[in-house]
Amino acid sequence: MGWKPLRLAAGALCLGVSACHTIRFDVSHAPTATQPIEVRKNFFWWSLYPDMEVDMRTYCPDGTGRIEEQTTFTDGLLGSLTLGIYTPRTSYYYCRLPAPPPTVAAPVPPAPGASP
């Protein structure tokens, strides 16, 4: 039989179980930046360890508009090759755009002939 069919079957299995998925959280309806901040996170044991808390103010000081958690093809492939021992994930943070400065109305000039 040989090793070639076994290698092909193992390769097909790794590709088959390395599916991609995305979870999206819309936090605000305010306009957001078009380019996200990409953060790669390392997890172990099918993403059960470590439990992470992320302070979004470190990435987006003006607030967050959208968060996407994604298992990319590469993340899924690495997770399947290590049998779930190492399972990376990729996060994308879309920051809210800074609020425009408040406009100050110009003083209205007095009408002609009016006393000050």
# chains A, B, ... in the order shown; residues from 1 in each chain; ligands from 1

call {"tool": "residues_around", "arguments": {"residues": "Ile23 in chain A", "least_positions_apart": "2", "cutoff": "10 Å", "atoms": "only C-alpha atoms", "output": "list in words"}}
result
His21, Phe25, Ile67, Glu68, Glu69, Gln70, Thr71 and Ser91 of chain A

call {"tool": "select_by_dssp", "arguments": {"residues": "chain A", "states": "strand (DSSP E or B)", "output": "NGL selection string"}}
result
:A and (21-26 or 32 or 37-44 or 49 or 64-71 or 86-96)

call {"tool": "residues_around", "arguments": {"residues": "Arg66 in chain A", "least_positions_apart": "4", "cutoff": "6 Å", "atoms": "only C-alpha atoms", "output": "NGL selection string"}}
result
:A and (25-27 or 94)

call {"tool": "write_last_selection", "arguments": {"atoms": "N, CA and C atoms", "output": "PDB file, in the first residue's frame"}}
result
ATOM      1  N   PHE A  25     -18.888  41.358  16.864  1.00  0.00           N
ATOM      2  CA  PHE A  25     -19.641  42.108  17.869  1.00  0.00           C
ATOM      3  C   PHE A  25     -19.672  43.567  17.438  1.00  0.00           C
ATOM      4  N   ASP A  26     -20.852  44.091  17.140  1.00  0.00           N
ATOM      5  CA  ASP A  26     -20.996  45.513  16.861  1.00  0.00           C
ATOM      6  C   ASP A  26     -21.291  46.207  18.177  1.00  0.00           C
ATOM      7  N   VAL A  27     -20.329  46.980  18.655  1.00  0.00           N
ATOM      8  CA  VAL A  27     -20.433  47.611  19.957  1.00  0.00           C
ATOM      9  C   VAL A  27     -21.092  48.982  19.865  1.00  0.00           C
ATOM     10  N   TYR A  94     -11.866  47.338  15.539  1.00  0.00           N
ATOM     11  CA  TYR A  94     -12.177  48.524  14.748  1.00  0.00           C
ATOM     12  C   TYR A  94     -12.478  49.659  15.717  1.00  0.00           C
TER      13      TYR A  94
END

call {"tool": "closest_residue", "arguments": {"among": "A:Val104, A:Thr87, A:Leu8, A:Pro98", "to": "Pro50 in chain A", "atoms": "only C-alpha atoms"}}
result
A:Thr87

call {"tool": "select_by_dssp", "arguments": {"residues": "chain A", "states": "alpha helix (DSSP H)", "output": "ChimeraX atom specification"}}
result
/A:4-17,73-81

call {"tool": "atom_distance", "arguments": {"atom1": "CA of Phe43 in chain A", "atom2": "CA of Asp75 in chain A"}}
result
10.5 Å
